[in-house]
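Engineer: First the structure, which I've put down as structure tokens, then a few questions once you've had a look.
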Amino acid sequence: QQIPQQLTKLEGELATLQTRADRLDDLTSGRATVQSQLEAAQQQAGLEHDRERALHSALEANRAARASADKLDALYQQKLAGSASELAATLVDGAECPVCGSASHPHPAPPLVDPVTDADLAAATAERDERQRAATEASEAEKQAAATVARVIAAAGGQSLEHLIEAEQTAQAEMAEAQTALTAHAEAQRLRDALRERELSMTQAIDAANDTVTAAVTAQAAAIEQLRLLATQVGAE
């Protein structure tokens, strides 16, 4: 092909390659976003497992707290029910009952086999408080785990791990294509510049040849004119 035709073709290729190469910055930024989302999605599965464990622990801790509270309530009820037996143990025949005022006590409440002591109540109260504290801590841990899962879901753009893996692969391929276009553009520019330089050299050589031909024609015309003048002079003699 002639150099002008080659240059025209190269200019078209350069425009196409430039358009593809110009996407590289946007593709790089886009891939960084996808990679960040992918990293979050990869963390999501493990964090959801942690949240499930925290939820299970919170449920167990709350059940234990309720059980200890129920146990304490039952002890207080038992303590209240045993008050009559405790009072009966203090009654003395002939002495007035502090409740009814009677000096006769024909049917005192029977003594308890296993009475509830203040020590029992104190221990049950301490157990309830400890279980309640553990339940509160477990519930807070579950809330924090749930919040962490929500953050990574948001960071992943609400997209699935499978979708993001595919998106990252697509972004990588598009970046590679843009990088190839950038390299090809640089090579096409080099070739275009070489052709332009070659075209300039050829133009200069043609101009020099034309100048040489013009000078030769001018010299030839001058020589012919001199010969004509010489012939005229010889004929006149």
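Identifiers in this document derive from the order of the structure tokens: chains are assigned A, B, ..., residues are numbered from 1 separately in each chain, and ligands are numbered from 1 in order of occurrence.
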List every residue of segment 3-237 of chain A that DSSP, applied to the backbone of this structure, assigns to alpha helix (DSSP H), and report them as number ranges by chain.

Structural biologist: A: 3-21, 24-81, 83-88, 118-155, 161-236

Engineer: Would you list the contacts of His56 of chain A as a PDB file with N, CA and C atoms, in the first residue's frame, taking every protein, DNA or RNA residue within 10 Å and counting only C-alpha atoms, but skipping same-chain residues closer than 4 positions in sequence?

Structural biologist:
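Produced file part-v6.pdb, reproduced below:
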ATOM      1  N   ASP A  50     -20.856 -16.855  62.853  1.00  0.00           N
ATOM      2  CA  ASP A  50     -20.582 -16.300  64.186  1.00  0.00           C
ATOM      3  C   ASP A  50     -21.850 -15.725  64.806  1.00  0.00           C
ATOM      4  N   ARG A  51     -22.659 -15.076  63.963  1.00  0.00           N
ATOM      5  CA  ARG A  51     -23.890 -14.489  64.468  1.00  0.00           C
ATOM      6  C   ARG A  51     -24.864 -15.583  64.931  1.00  0.00           C
ATOM      7  N   GLU A  52     -24.929 -16.696  64.188  1.00  0.00           N
ATOM      8  CA  GLU A  52     -25.796 -17.805  64.588  1.00  0.00           C
ATOM      9  C   GLU A  52     -25.354 -18.369  65.935  1.00  0.00           C
ATOM     10  N   GLU A  60     -29.675 -19.433  74.990  1.00  0.00           N
ATOM     11  CA  GLU A  60     -29.368 -20.317  76.113  1.00  0.00           C
ATOM     12  C   GLU A  60     -29.179 -19.515  77.399  1.00  0.00           C
ATOM     13  N   ALA A  61     -28.499 -18.379  77.299  1.00  0.00           N
ATOM     14  CA  ALA A  61     -28.259 -17.549  78.478  1.00  0.00           C
ATOM     15  C   ALA A  61     -29.565 -16.980  79.012  1.00  0.00           C
ATOM     16  N   ASN A  62     -30.464 -16.581  78.118  1.00  0.00           N
ATOM     17  CA  ASN A  62     -31.756 -16.054  78.559  1.00  0.00           C
ATOM     18  C   ASN A  62     -32.609 -17.135  79.205  1.00  0.00           C
ATOM     19  N   ALA A 138     -24.614 -11.730  76.558  1.00  0.00           N
ATOM     20  CA  ALA A 138     -24.826 -12.574  75.383  1.00  0.00           C
ATOM     21  C   ALA A 138     -25.735 -11.877  74.373  1.00  0.00           C
ATOM     22  N   SER A 139     -26.763 -11.192  74.874  1.00  0.00           N
ATOM     23  CA  SER A 139     -27.675 -10.470  73.982  1.00  0.00           C
ATOM     24  C   SER A 139     -26.949  -9.332  73.283  1.00  0.00           C
ATOM     25  N   GLU A 142     -24.789 -10.741  70.552  1.00  0.00           N
ATOM     26  CA  GLU A 142     -25.590 -11.123  69.383  1.00  0.00           C
ATOM     27  C   GLU A 142     -25.962  -9.896  68.562  1.00  0.00           C
TER      28      GLU A 142
END

Engineer: Give me the residues within 12 Å of Ala178 of chain A as a list in words, counting only C-alpha atoms and dropping any in the same chain fewer than 6 places off.

Structural biologist: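 Within the cut-off, the hits are Thr16, Leu17, Gln18, Thr19, Arg20, Ala21, Asp22, Arg23, Leu24, Asp25, Asp26, Leu27, Thr28, Ala171, Gln172, Ala184 and His185 of chain A.
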
Engineer: Compile a residue-level contact table for segment 79-157 of chain A against segment 161-167 of chain A at a cut-off of 12 Å, reporting for every qualifying residue the shortest atom pair and its distance in Å to one decimal, with only C-alpha atoms counted, rows ordered by chain and ascending number, as a Markdown table.

Structural biologist:
| residue | atom | partner | partner_atom | distance |
| --- | --- | --- | --- | --- |
| A:Val152 | CA | A:Leu161 | CA | 11.7 |
| A:Ile153 | CA | A:Leu161 | CA | 10.4 |
| A:Ala155 | CA | A:Leu164 | CA | 11.9 |
| A:Ala156 | CA | A:Leu164 | CA | 8.4 |
| A:Gly157 | CA | A:Leu164 | CA | 9.6 |

Engineer: Can you list, as a ChimeraX atom specification, every protein, DNA or RNA residue that comes within 12 Å of Glu187 of chain A when you count only C-alpha atoms, leaving out same-chain residues fewer than 5 positions away?

Structural biologist: /A:10,13-14,17-18,180-182,192-194

Engineer: So how many Å separate atom CA of Glu140 of chain A and atom CA of Ala45 of chain A, to one decimal?

Structural biologist: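 Computing it gives 20.6 Å between the two atoms.
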
Engineer: Using only C-alpha atoms, find each residue of segment 87-183 of chain A with at least one atom at most 6 Å away from an atom of segment 69-79 of chain A; report its shortest atom-to-atom pair and that distance in Å (one decimal), sort the rows by chain and rising residue number, and return the result as JSON lines.

Structural biologist:
{"residue": "A:Val116", "atom": "CA", "partner": "A:Lys79", "partner_atom": "CA", "distance": 5.4}
{"residue": "A:Ala124", "atom": "CA", "partner": "A:Leu72", "partner_atom": "CA", "distance": 5.5}
{"residue": "A:Arg128", "atom": "CA", "partner": "A:Ala69", "partner_atom": "CA", "distance": 5.5}

Engineer: If I take atom CA of Ala88 of chain A and atom CA of Pro110 of chain A, how far is one from the other in Å, to one decimal?

Structural biologist: 7.5 Å

Engineer: One number please: atom CA of Lys9 of chain A to atom CA of Asn210 of chain A, in Å, one decimal.

Structural biologist: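 Computing the Euclidean distance for atom CA of Lys9 of chain A and atom CA of Asn210 of chain A yields 29.2 Å.
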
Engineer: Fewer than 6 positions away in the same chain doesn't count, so skip those; otherwise give me all residues within 12 Å of segment 143-145 of chain A, counting only C-alpha atoms, as a PDB file with N, CA, C and O atoms, in the first residue's frame.

Structural biologist:
ATOM      1  N   GLN A  44     -18.766 -12.611  54.679  1.00  0.00           N
ATOM      2  CA  GLN A  44     -20.150 -12.694  55.141  1.00  0.00           C
ATOM      3  C   GLN A  44     -20.515 -14.070  55.687  1.00  0.00           C
ATOM      4  O   GLN A  44     -21.148 -14.175  56.740  1.00  0.00           O
ATOM      5  N   GLY A  46     -18.693 -16.464  57.066  1.00  0.00           N
ATOM      6  CA  GLY A  46     -18.126 -16.714  58.386  1.00  0.00           C
ATOM      7  C   GLY A  46     -18.770 -15.872  59.464  1.00  0.00           C
ATOM      8  O   GLY A  46     -19.031 -16.346  60.583  1.00  0.00           O
ATOM      9  N   LEU A  47     -19.062 -14.608  59.123  1.00  0.00           N
ATOM     10  CA  LEU A  47     -19.679 -13.723  60.105  1.00  0.00           C
ATOM     11  C   LEU A  47     -21.115 -14.144  60.411  1.00  0.00           C
ATOM     12  O   LEU A  47     -21.574 -14.010  61.551  1.00  0.00           O
ATOM     13  N   GLU A  48     -21.819 -14.640  59.401  1.00  0.00           N
ATOM     14  CA  GLU A  48     -23.177 -15.131  59.654  1.00  0.00           C
ATOM     15  C   GLU A  48     -23.149 -16.358  60.563  1.00  0.00           C
ATOM     16  O   GLU A  48     -24.029 -16.535  61.413  1.00  0.00           O
ATOM     17  N   HIS A  49     -22.121 -17.199  60.391  1.00  0.00           N
ATOM     18  CA  HIS A  49     -21.967 -18.355  61.281  1.00  0.00           C
ATOM     19  C   HIS A  49     -21.702 -17.880  62.702  1.00  0.00           C
ATOM     20  O   HIS A  49     -22.281 -18.421  63.675  1.00  0.00           O
ATOM     21  N   ASP A  50     -20.856 -16.855  62.853  1.00  0.00           N
ATOM     22  CA  ASP A  50     -20.582 -16.300  64.186  1.00  0.00           C
ATOM     23  C   ASP A  50     -21.850 -15.725  64.806  1.00  0.00           C
ATOM     24  O   ASP A  50     -22.091 -15.866  66.014  1.00  0.00           O
ATOM     25  N   ARG A  51     -22.659 -15.076  63.963  1.00  0.00           N
ATOM     26  CA  ARG A  51     -23.890 -14.489  64.468  1.00  0.00           C
ATOM     27  C   ARG A  51     -24.864 -15.583  64.931  1.00  0.00           C
ATOM     28  O   ARG A  51     -25.542 -15.441  65.955  1.00  0.00           O
ATOM     29  N   GLU A  52     -24.929 -16.696  64.188  1.00  0.00           N
ATOM     30  CA  GLU A  52     -25.796 -17.805  64.588  1.00  0.00           C
ATOM     31  C   GLU A  52     -25.354 -18.369  65.935  1.00  0.00           C
ATOM     32  O   GLU A  52     -26.194 -18.678  66.798  1.00  0.00           O
ATOM     33  N   ARG A  53     -24.053 -18.504  66.117  1.00  0.00           N
ATOM     34  CA  ARG A  53     -23.550 -19.002  67.402  1.00  0.00           C
ATOM     35  C   ARG A  53     -23.871 -18.030  68.531  1.00  0.00           C
ATOM     36  O   ARG A  53     -24.234 -18.441  69.645  1.00  0.00           O
ATOM     37  N   ALA A  54     -23.716 -16.712  68.245  1.00  0.00           N
ATOM     38  CA  ALA A  54     -24.022 -15.696  69.254  1.00  0.00           C
ATOM     39  C   ALA A  54     -25.503 -15.717  69.601  1.00  0.00           C
ATOM     40  O   ALA A  54     -25.888 -15.568  70.778  1.00  0.00           O
ATOM     41  N   LEU A  55     -26.345 -15.918  68.583  1.00  0.00           N
ATOM     42  CA  LEU A  55     -27.793 -15.991  68.831  1.00  0.00           C
ATOM     43  C   LEU A  55     -28.133 -17.202  69.691  1.00  0.00           C
ATOM     44  O   LEU A  55     -28.937 -17.107  70.631  1.00  0.00           O
ATOM     45  N   HIS A  56     -27.512 -18.344  69.388  1.00  0.00           N
ATOM     46  CA  HIS A  56     -27.750 -19.560  70.176  1.00  0.00           C
ATOM     47  C   HIS A  56     -27.305 -19.348  71.625  1.00  0.00           C
ATOM     48  O   HIS A  56     -28.026 -19.721  72.564  1.00  0.00           O
ATOM     49  N   SER A  57     -26.133 -18.718  71.785  1.00  0.00           N
ATOM     50  CA  SER A  57     -25.634 -18.466  73.139  1.00  0.00           C
ATOM     51  C   SER A  57     -26.555 -17.525  73.897  1.00  0.00           C
ATOM     52  O   SER A  57     -26.807 -17.714  75.099  1.00  0.00           O
ATOM     53  N   ALA A  58     -27.082 -16.504  73.196  1.00  0.00           N
ATOM     54  CA  ALA A  58     -27.990 -15.555  73.842  1.00  0.00           C
ATOM     55  C   ALA A  58     -29.275 -16.236  74.278  1.00  0.00           C
ATOM     56  O   ALA A  58     -29.792 -15.989  75.389  1.00  0.00           O
ATOM     57  N   THR A 136     -27.462 -10.671  79.564  1.00  0.00           N
ATOM     58  CA  THR A 136     -27.336  -9.320  79.002  1.00  0.00           C
ATOM     59  C   THR A 136     -26.118  -9.238  78.094  1.00  0.00           C
ATOM     60  O   THR A 136     -26.174  -8.674  76.990  1.00  0.00           O
ATOM     61  N   GLU A 137     -24.998  -9.789  78.559  1.00  0.00           N
ATOM     62  CA  GLU A 137     -23.776  -9.772  77.751  1.00  0.00           C
ATOM     63  C   GLU A 137     -23.957 -10.580  76.467  1.00  0.00           C
ATOM     64  O   GLU A 137     -23.507 -10.161  75.385  1.00  0.00           O
ATOM     65  N   ARG A 151     -23.346  -4.818  58.156  1.00  0.00           N
ATOM     66  CA  ARG A 151     -22.333  -3.942  57.519  1.00  0.00           C
ATOM     67  C   ARG A 151     -21.678  -4.626  56.328  1.00  0.00           C
ATOM     68  O   ARG A 151     -21.470  -3.987  55.279  1.00  0.00           O
ATOM     69  N   VAL A 152     -21.330  -5.894  56.449  1.00  0.00           N
ATOM     70  CA  VAL A 152     -20.654  -6.563  55.335  1.00  0.00           C
ATOM     71  C   VAL A 152     -21.625  -6.804  54.182  1.00  0.00           C
ATOM     72  O   VAL A 152     -21.222  -6.769  53.011  1.00  0.00           O
TER      73      VAL A 152
END

Engineer: Given only C-alpha atoms as the basis, pick out the residue of A:Ser160, A:Arg133, A:Gly30, A:Pro4 nearest to Glu174 of chain A.

Structural biologist: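 Using only C-alpha atoms, Glu174 of chain A sits closest to A:Gly30.
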